[in-house]
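model_38.cif follows; it contains mmCIF, C-alpha atoms.
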```cif
data_target
#
loop_
_atom_site.group_PDB
_atom_site.id
_atom_site.type_symbol
_atom_site.label_atom_id
_atom_site.label_comp_id
_atom_site.auth_asym_id
_atom_site.auth_seq_id
_atom_site.Cartn_x
_atom_site.Cartn_y
_atom_site.Cartn_z
ATOM 1 C CA MET E 12 42.698 86.921 63.933
ATOM 2 C CA ALA E 13 40.040 87.086 61.192
ATOM 3 C CA PHE E 14 37.542 88.509 63.678
ATOM 4 C CA ALA E 15 40.024 91.190 64.743
ATOM 5 C CA VAL E 16 40.612 92.211 61.124
ATOM 6 C CA HIS E 17 36.858 92.401 60.547
ATOM 7 C CA VAL E 18 36.422 94.605 63.643
ATOM 8 C CA ARG E 19 39.183 96.958 62.457
ATOM 9 C CA LYS E 20 37.537 97.284 59.026
ATOM 10 C CA GLU E 21 34.139 97.994 60.558
ATOM 11 C CA MET E 22 35.644 100.569 62.915
ATOM 12 C CA ALA E 23 37.453 102.329 60.044
ATOM 13 C CA SER E 24 34.254 102.480 58.032
ATOM 14 C CA PHE E 25 32.303 103.764 61.039
ATOM 15 C CA LEU E 26 34.837 106.500 61.857
ATOM 16 C CA ALA E 27 35.056 107.590 58.215
ATOM 17 C CA THR E 28 31.293 107.905 57.942
ATOM 18 C CA ARG E 29 31.000 109.824 61.219
ATOM 19 C CA PHE E 30 33.793 112.155 60.151
ATOM 20 C CA LEU E 31 31.900 113.021 56.961
ATOM 21 C CA GLN E 32 28.703 113.584 58.927
ATOM 22 C CA ASN E 33 30.432 116.071 61.211
ATOM 23 C CA THR E 34 32.290 117.718 58.342
ATOM 24 C CA ARG E 35 28.915 118.217 56.680
ATOM 25 C CA SER E 36 27.687 119.876 59.867
ATOM 26 C CA LEU E 37 30.544 122.376 59.625
ATOM 27 C CA THR E 38 29.530 123.313 56.093
ATOM 28 C CA ARG E 39 26.048 124.070 57.405
ATOM 29 C CA GLY E 40 27.450 126.581 59.910
ATOM 30 C CA VAL E 41 27.492 124.308 62.945
ATOM 31 C CA PHE E 42 30.783 124.556 64.794
ATOM 32 C CA PHE E 43 30.851 120.915 65.835
ATOM 33 C CA ARG E 44 28.461 118.166 66.711
ATOM 34 C CA TRP E 45 28.413 114.400 66.758
ATOM 35 C CA THR E 46 25.523 113.071 64.733
ATOM 36 C CA PRO E 47 23.641 110.611 66.945
ATOM 37 C CA VAL E 48 23.553 107.022 65.786
ATOM 38 C CA VAL E 49 20.075 106.146 64.519
ATOM 39 C CA ARG E 50 18.821 102.971 66.157
ATOM 40 C CA SER E 51 15.918 100.859 64.961
ATOM 41 C CA GLN E 52 12.653 102.795 65.075
ATOM 42 C CA SER E 53 9.041 101.752 64.907
ATOM 43 C CA THR E 54 6.843 102.827 62.017
ATOM 44 C CA ASP E 55 4.938 105.011 64.484
ATOM 45 C CA ALA E 56 7.895 107.411 64.437
ATOM 46 C CA PHE E 57 6.616 108.737 61.091
ATOM 47 C CA PRO E 58 2.875 109.270 61.501
ATOM 48 C CA ASP E 59 2.817 111.924 58.780
ATOM 49 C CA ASP E 60 3.644 111.132 55.152
ATOM 50 C CA SER E 61 5.428 114.480 54.841
ATOM 51 C CA ASP E 62 7.757 113.493 57.705
ATOM 52 C CA ALA E 63 8.630 110.264 55.932
ATOM 53 C CA LYS E 64 9.371 112.137 52.702
ATOM 54 C CA GLU E 65 11.536 114.638 54.548
ATOM 55 C CA THR E 66 13.449 111.821 56.251
ATOM 56 C CA GLN E 67 14.026 110.140 52.879
ATOM 57 C CA ARG E 68 15.128 113.443 51.371
ATOM 58 C CA LEU E 69 17.698 113.923 54.124
ATOM 59 C CA LYS E 70 18.965 110.364 53.665
ATOM 60 C CA ASP E 71 19.315 110.894 49.916
ATOM 61 C CA GLU E 72 21.122 114.165 50.561
ATOM 62 C CA GLU E 73 23.561 112.486 52.946
ATOM 63 C CA THR E 74 24.182 109.675 50.454
ATOM 64 C CA GLU E 75 24.841 112.138 47.642
ATOM 65 C CA TYR E 76 27.220 114.102 49.855
ATOM 66 C CA GLU E 77 29.118 110.950 50.828
ATOM 67 C CA ASN E 78 29.328 109.802 47.191
ATOM 68 C CA ASP E 79 30.712 113.192 46.154
ATOM 69 C CA ILE E 80 33.424 112.917 48.807
ATOM 70 C CA LYS E 81 34.262 109.365 47.703
ATOM 71 C CA VAL E 82 34.670 110.436 44.079
ATOM 72 C CA LYS E 83 36.962 113.297 45.102
ATOM 73 C CA ILE E 84 39.092 110.933 47.183
ATOM 74 C CA LEU E 85 39.262 108.363 44.371
ATOM 75 C CA ASP E 86 40.311 111.034 41.872
ATOM 76 C CA ALA E 87 43.001 112.282 44.254
ATOM 77 C CA ALA E 88 44.183 108.747 45.069
ATOM 78 C CA LEU E 89 44.900 108.031 41.395
ATOM 79 C CA GLY E 90 47.864 110.378 41.741
ATOM 80 C CA TYR E 91 49.435 108.019 44.303
ATOM 81 C CA VAL E 92 48.985 104.723 42.454
ATOM 82 C CA ASP E 93 52.498 104.728 40.990
ATOM 83 C CA ILE E 94 53.898 105.081 44.526
ATOM 84 C CA SER E 95 51.544 102.968 46.620
ATOM 85 C CA GLY E 96 49.786 100.810 44.054
ATOM 86 C CA TRP E 97 46.059 100.144 43.896
ATOM 87 C CA SER E 98 45.789 100.010 47.667
ATOM 88 C CA LYS E 99 44.243 101.439 50.819
ATOM 89 C CA GLU E 100 47.485 103.340 51.286
ATOM 90 C CA ALA E 101 46.848 105.227 48.037
ATOM 91 C CA LEU E 102 43.273 105.900 49.149
ATOM 92 C CA ALA E 103 44.496 107.210 52.510
ATOM 93 C CA GLN E 104 47.058 109.448 50.774
ATOM 94 C CA GLY E 105 44.371 110.757 48.445
ATOM 95 C CA ALA E 106 42.124 111.549 51.419
ATOM 96 C CA GLU E 107 44.912 113.320 53.303
ATOM 97 C CA SER E 108 45.757 115.417 50.236
ATOM 98 C CA LEU E 109 42.208 116.807 50.389
ATOM 99 C CA GLY E 110 42.386 117.512 54.107
ATOM 100 C CA TYR E 111 40.522 114.425 55.294
ATOM 101 C CA PRO E 112 42.036 112.026 57.857
ATOM 102 C CA SER E 113 43.600 108.845 56.502
ATOM 103 C CA VAL E 114 40.912 106.802 58.275
ATOM 104 C CA THR E 115 38.534 108.018 55.555
ATOM 105 C CA HIS E 116 39.759 105.105 53.445
ATOM 106 C CA GLY E 117 37.221 103.140 55.486
ATOM 107 C CA LEU E 118 34.624 104.457 53.042
ATOM 108 C CA PHE E 119 36.021 101.897 50.581
ATOM 109 C CA PRO E 120 35.451 98.475 52.176
ATOM 110 C CA LYS E 121 36.611 96.591 49.061
ATOM 111 C CA GLY E 122 39.960 98.344 49.171
ATOM 112 C CA GLY E 123 42.177 98.964 46.157
ATOM 113 C CA VAL E 124 39.908 97.356 43.570
ATOM 114 C CA GLU E 125 37.470 100.249 44.037
ATOM 115 C CA LEU E 126 40.278 102.517 42.857
ATOM 116 C CA VAL E 127 40.904 100.249 39.854
ATOM 117 C CA HIS E 128 37.240 100.235 38.899
ATOM 118 C CA HIS E 129 37.088 104.005 39.308
ATOM 119 C CA PHE E 130 40.011 104.444 36.916
ATOM 120 C CA TYR E 131 38.458 101.967 34.469
ATOM 121 C CA GLN E 132 35.122 103.797 34.478
ATOM 122 C CA ARG E 133 36.818 107.173 34.115
ATOM 123 C CA ALA E 134 38.720 105.870 31.062
ATOM 124 C CA ASN E 135 35.531 104.393 29.580
ATOM 125 C CA ASP E 136 33.759 107.732 30.018
ATOM 126 C CA ARG E 137 36.663 109.540 28.399
ATOM 127 C CA LEU E 138 36.561 107.183 25.407
ATOM 128 C CA SER E 139 32.828 107.724 25.005
ATOM 129 C CA SER E 140 33.345 111.488 25.070
ATOM 130 C CA GLU E 141 36.337 111.698 22.714
ATOM 131 C CA LEU E 142 35.682 108.881 20.225
ATOM 132 C CA PRO E 143 33.066 110.682 18.087
ATOM 133 C CA SER E 144 35.479 113.497 17.233
ATOM 134 C CA ASP E 145 38.270 110.981 16.556
ATOM 135 C CA ILE E 146 35.994 109.124 14.142
ATOM 136 C CA GLN E 147 35.154 112.366 12.399
ATOM 137 C CA GLU E 148 38.818 113.385 12.128
ATOM 138 C CA ALA E 149 39.639 109.984 10.617
ATOM 139 C CA HIS E 150 36.846 110.515 8.040
ATOM 140 C CA LEU E 151 35.184 107.243 8.971
ATOM 141 C CA ASP E 152 31.470 106.896 8.273
ATOM 142 C CA PRO E 153 29.893 104.113 10.388
ATOM 143 C CA LEU E 154 27.301 103.583 7.642
ATOM 144 C CA LYS E 155 29.890 102.645 5.024
ATOM 145 C CA ALA E 156 30.882 99.011 4.514
ATOM 146 C CA LYS E 157 33.721 97.751 6.724
ATOM 147 C CA ASN E 158 34.242 101.156 8.314
ATOM 148 C CA ASP E 159 32.868 99.612 11.494
ATOM 149 C CA LEU E 160 35.994 97.479 11.926
ATOM 150 C CA LYS E 161 38.216 100.502 11.306
ATOM 151 C CA ILE E 162 36.328 102.358 14.019
ATOM 152 C CA LEU E 163 36.679 99.413 16.388
ATOM 153 C CA ARG E 164 40.414 99.270 15.642
ATOM 154 C CA LEU E 165 40.659 102.974 16.473
ATOM 155 C CA ALA E 166 38.593 102.594 19.641
ATOM 156 C CA VAL E 167 40.512 99.612 21.035
ATOM 157 C CA GLU E 168 43.900 101.279 20.591
ATOM 158 C CA LYS E 169 42.693 104.570 22.037
ATOM 159 C CA ARG E 170 41.224 102.896 25.109
ATOM 160 C CA LEU E 171 44.283 100.706 25.727
ATOM 161 C CA ARG E 172 46.608 103.702 25.455
ATOM 162 C CA MET E 173 44.817 105.146 28.472
ATOM 163 C CA ASN E 174 46.400 102.333 30.501
ATOM 164 C CA ALA E 175 49.898 103.048 29.169
ATOM 165 C CA ASP E 176 51.229 105.034 32.143
ATOM 166 C CA HIS E 177 50.312 102.237 34.542
ATOM 167 C CA ILE E 178 51.761 99.632 32.189
ATOM 168 C CA PHE E 179 55.102 101.445 32.160
ATOM 169 C CA THR E 180 55.203 101.248 35.972
ATOM 170 C CA SER E 181 53.919 97.644 35.985
ATOM 171 C CA ARG E 182 50.924 98.740 38.052
ATOM 172 C CA TRP E 183 48.410 97.569 35.452
ATOM 173 C CA THR E 184 49.383 93.946 36.005
ATOM 174 C CA GLU E 185 48.511 94.486 39.651
ATOM 175 C CA ALA E 186 45.194 96.036 38.615
ATOM 176 C CA LEU E 187 44.315 93.066 36.403
ATOM 177 C CA GLY E 188 45.018 90.728 39.296
ATOM 178 C CA LEU E 189 42.645 92.650 41.565
ATOM 179 C CA MET E 190 39.916 92.686 38.925
ATOM 180 C CA ALA E 191 40.237 88.934 38.358
ATOM 181 C CA PHE E 192 39.846 88.129 42.064
ATOM 182 C CA PRO E 193 36.523 86.186 42.278
ATOM 183 C CA PRO E 194 34.588 88.685 44.466
ATOM 184 C CA ASN E 195 35.619 91.506 42.110
ATOM 185 C CA ALA E 196 35.138 89.692 38.794
ATOM 186 C CA PRO E 197 31.417 90.453 38.256
ATOM 187 C CA SER E 198 31.952 94.227 38.498
ATOM 188 C CA SER E 199 35.045 93.942 36.303
ATOM 189 C CA LEU E 200 33.174 91.964 33.669
ATOM 190 C CA LYS E 201 30.369 94.514 33.688
ATOM 191 C CA LEU E 202 32.871 97.305 32.968
ATOM 192 C CA LEU E 203 34.280 95.315 30.049
ATOM 193 C CA ALA E 204 30.804 94.523 28.699
ATOM 194 C CA ASN E 205 29.817 98.188 28.828
ATOM 195 C CA LEU E 206 33.068 99.149 27.126
ATOM 196 C CA VAL E 207 32.681 96.849 24.106
ATOM 197 C CA ASP E 208 29.011 97.760 23.788
ATOM 198 C CA GLU E 209 29.984 101.447 23.677
ATOM 199 C CA MET E 210 32.564 100.718 20.978
ATOM 200 C CA TRP E 211 30.037 98.880 18.819
ATOM 201 C CA PHE E 212 27.534 101.703 19.313
ATOM 202 C CA HIS E 213 29.991 104.237 17.903
ATOM 203 C CA ALA E 214 30.798 101.815 15.090
ATOM 204 C CA GLY E 215 27.159 102.027 14.015
ATOM 205 C CA ASP E 216 25.921 98.611 15.091
ATOM 206 C CA THR E 217 22.132 98.373 15.032
ATOM 207 C CA SER E 218 21.751 94.597 15.113
ATOM 208 C CA ALA E 219 18.819 93.213 17.083
ATOM 209 C CA ASP E 220 19.376 89.498 16.507
ATOM 210 C CA PHE E 221 21.764 86.875 17.875
ATOM 211 C CA SER E 222 24.705 88.601 16.139
ATOM 212 C CA TRP E 223 24.479 91.357 18.783
ATOM 213 C CA TYR E 224 25.981 88.934 21.318
ATOM 214 C CA THR E 225 28.450 87.478 18.835
ATOM 215 C CA LYS E 226 29.888 90.876 17.957
ATOM 216 C CA ARG E 227 30.394 91.905 21.568
ATOM 217 C CA ALA E 228 31.876 88.568 22.590
ATOM 218 C CA LEU E 229 34.342 88.743 19.702
ATOM 219 C CA LEU E 230 35.331 92.315 20.505
ATOM 220 C CA ALA E 231 35.712 91.563 24.225
ATOM 221 C CA THR E 232 38.117 88.761 23.325
ATOM 222 C CA VAL E 233 40.049 91.002 20.933
ATOM 223 C CA TYR E 234 40.301 93.716 23.579
ATOM 224 C CA LYS E 235 41.436 91.448 26.415
ATOM 225 C CA SER E 236 43.929 89.490 24.323
ATOM 226 C CA THR E 237 45.427 92.743 23.019
ATOM 227 C CA GLU E 238 45.610 94.046 26.577
ATOM 228 C CA MET E 239 47.549 90.937 27.607
ATOM 229 C CA SER E 240 49.912 91.475 24.688
ATOM 230 C CA MET E 241 50.398 95.105 25.708
ATOM 231 C CA ILE E 242 51.500 94.419 29.284
ATOM 232 C CA GLN E 243 54.273 92.166 27.934
ATOM 233 C CA ASP E 244 55.255 94.402 25.007
ATOM 234 C CA ARG E 245 58.675 96.052 25.138
ATOM 235 C CA SER E 246 58.681 97.421 21.583
ATOM 236 C CA ASP E 247 58.745 101.134 20.809
ATOM 237 C CA ASP E 248 55.313 102.740 21.347
ATOM 238 C CA PHE E 249 53.819 99.243 21.712
ATOM 239 C CA LYS E 250 54.327 98.583 18.019
ATOM 240 C CA SER E 251 54.069 94.816 18.453
ATOM 241 C CA THR E 252 50.776 95.224 20.294
ATOM 242 C CA TRP E 253 49.167 97.242 17.501
ATOM 243 C CA GLU E 254 50.346 94.692 14.946
ATOM 244 C CA PHE E 255 48.770 91.995 17.104
ATOM 245 C CA LEU E 256 45.560 94.050 17.169
ATOM 246 C CA ASP E 257 45.574 94.392 13.377
ATOM 247 C CA ARG E 258 45.687 90.616 13.023
ATOM 248 C CA ARG E 259 42.761 90.163 15.402
ATOM 249 C CA ILE E 260 40.682 92.729 13.490
ATOM 250 C CA ASP E 261 41.523 90.926 10.234
ATOM 251 C CA GLU E 262 40.243 87.704 11.778
ATOM 252 C CA MET E 263 36.968 89.406 12.644
ATOM 253 C CA ASP E 264 36.704 90.580 9.045
ATOM 254 C CA GLN E 265 37.379 87.098 7.676
ATOM 255 C CA LEU E 266 34.740 85.621 9.949
ATOM 256 C CA ARG E 267 32.152 88.093 8.672
ATOM 257 C CA ASP E 268 33.025 87.501 4.994
ATOM 258 C CA CYS E 269 32.644 83.743 5.199
ATOM 259 C CA PRO E 270 28.958 82.660 5.042
ATOM 260 C CA LYS E 271 29.735 79.235 6.478
ATOM 261 C CA LYS E 272 31.502 80.743 9.443
ATOM 262 C CA LEU E 273 28.618 83.122 9.980
ATOM 263 C CA GLU E 274 26.301 80.128 10.209
ATOM 264 C CA GLU E 275 28.548 78.808 12.956
ATOM 265 C CA ALA E 276 28.562 82.154 14.740
ATOM 266 C CA SER E 277 26.790 80.820 17.813
ATOM 267 C CA VAL E 278 29.482 78.185 18.351
ATOM 268 C CA VAL E 279 32.259 80.708 17.755
ATOM 269 C CA MET E 280 30.613 83.172 20.126
ATOM 270 C CA LYS E 281 30.432 80.566 22.846
ATOM 271 C CA GLY E 282 34.147 79.788 22.518
ATOM 272 C CA PHE E 283 35.267 83.390 22.322
ATOM 273 C CA TYR E 284 33.016 84.493 25.161
ATOM 274 C CA GLN E 285 34.248 81.696 27.405
ATOM 275 C CA THR E 286 37.826 82.729 26.576
ATOM 276 C CA ALA E 287 36.989 86.274 27.625
ATOM 277 C CA LEU E 288 35.528 85.012 30.895
ATOM 278 C CA ASN E 289 38.642 82.940 31.554
ATOM 279 C CA VAL E 290 40.912 85.896 30.836
ATOM 280 C CA ILE E 291 39.051 88.116 33.268
ATOM 281 C CA GLY E 292 38.893 85.363 35.866
ATOM 282 C CA VAL E 293 35.220 84.359 35.909
ATOM 283 C CA PRO E 294 34.816 80.556 36.261
ATOM 284 C CA ASP E 295 32.331 78.516 34.244
ATOM 285 C CA ARG E 296 29.546 77.634 36.697
ATOM 286 C CA ARG E 297 28.679 74.459 34.774
ATOM 287 C CA LYS E 298 32.138 73.059 35.486
ATOM 288 C CA MET E 299 31.698 73.808 39.170
ATOM 289 C CA GLU E 300 28.402 71.939 39.491
#
```
Final structure tokens representation of the file:
Amino acid sequence: MAFAVHVRKEMASFLATRFLQNTRSLTRGVFFRWTPVVRSQSTDAFPDDSDAKETQRLKDEETEYENDIKVKILDAALGYVDISGWSKEALAQGAESLGYPSVTHGLFPKGGVELVHHFYQRANDRLSSELPSDIQEAHLDPLKAKNDLKILRLAVEKRLRMNADHIFTSRWTEALGLMAFPPNAPSSLKLLANLVDEMWFHAGDTSADFSWYTKRALLATVYKSTEMSMIQDRSDDFKSTWEFLDRRIDEMDQLRDCPKKLEEASVVMKGFYQTALNVIGVPDRRKME
């Protein structure tokens, strides 16, 4: 049974790729042609360096074309998440809406989690683009004392509100489950790490010592714990969630104002960072050995 499933996945991926190759041929003015499968070739096939460069250029061009199609399908598929969830069905519906056959979902071998990660990255990019103007409108200067925490408070709420539509439909709980699945956890953790680093950047952090890690571990924990509060929140406009966030930001402030606690920052960082890993579903390797 497992072998049969594997064969079906490979066939879907193969057909999707071949479809894109032939669609590309149409855009070049060729009515129709099947691109021959390239078998293993000896190095003698490229006696001239210019031939090798041309072959690499064509490969890069094909890869770029395929990536462009994948992004378009992912963007279109986001419109079907509320109906079909973060699934291959949503990917197939997104492909069909653009005129591609449903088999094109074979371009996404990891399935629905690729759609989740695409949404996550899109939201991160949007935050990075819009946050500077929000900071300016709020009259917050990153160089002024304690304005960094106000900026972080603003950034965390803004980013979490981007998940609101999927929280209302309970689809975000499904997304979190997919991201926490062990094979998907490393990519998910990387997205979170990039997110909190971006937030600290806009908050004016220029630290180059051990506190760099402490700050990001603390913020990652604040973000994930607030996210967990949000998916369970039934108050108007997530009022309870933002109150929860305010308390977490206050705790960060108290930690910074206490010299003794700052001396213990490495221990605190370790605990908070491990909590963040547990929340996102990444096991501690030391416990597994």
Problem set entry | Picked residues, the PyMOL selection byres ((chain E and resi 160) around 10), as number ranges by chain | E: 153, 156-159, 161-166, 211, 214, 260-261, 263-264
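Nearest residue to Ile242 (chain E) among E:His213, E:Arg259, E:His177, E:Arg267 is E:His177, counting all atoms listed in the file.
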For this session: State, in Å with one decimal place, the distance from CA of Lys155 (chain E) to CA of Tyr234 (chain E).
Result: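 Pair CA of Lys155 (chain E) / CA of Tyr234 (chain E) returns 23.1 Å.
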For this session: Give as a list in words the residues that the PyMOL selection byres ((chain E and resi 90) around 12) matches when applied to the coordinates above.
Result: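 For this structure, the PyMOL selection byres ((chain E and resi 90) around 12) resolves to Lys83, Ile84, Leu85, Asp86, Ala87, Ala88, Leu89, Tyr91, Val92, Asp93, Ile94, Ser95, Gly96, Trp97, Glu100, Ala101, Leu102, Ala103, Gln104, Gly105, Ala106, Ser108, Leu126, Phe130, Asp176 and His177 of chain E.
A straight line drawn from CA of Tyr76 (chain E) to CA of Leu203 (chain E) is 28.2 Å long.
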For this session: Given the file shown, enumerate the residues that the PyMOL selection byres ((chain E and resi 243-245) around 12) captures and present them as JSON, numbers by chain.
Result: {"E": [175, 178, 179, 181, 183, 184, 236, 237, 238, 239, 240, 241, 242, 246, 247, 248, 249, 250, 251, 252, 253, 254, 255]}
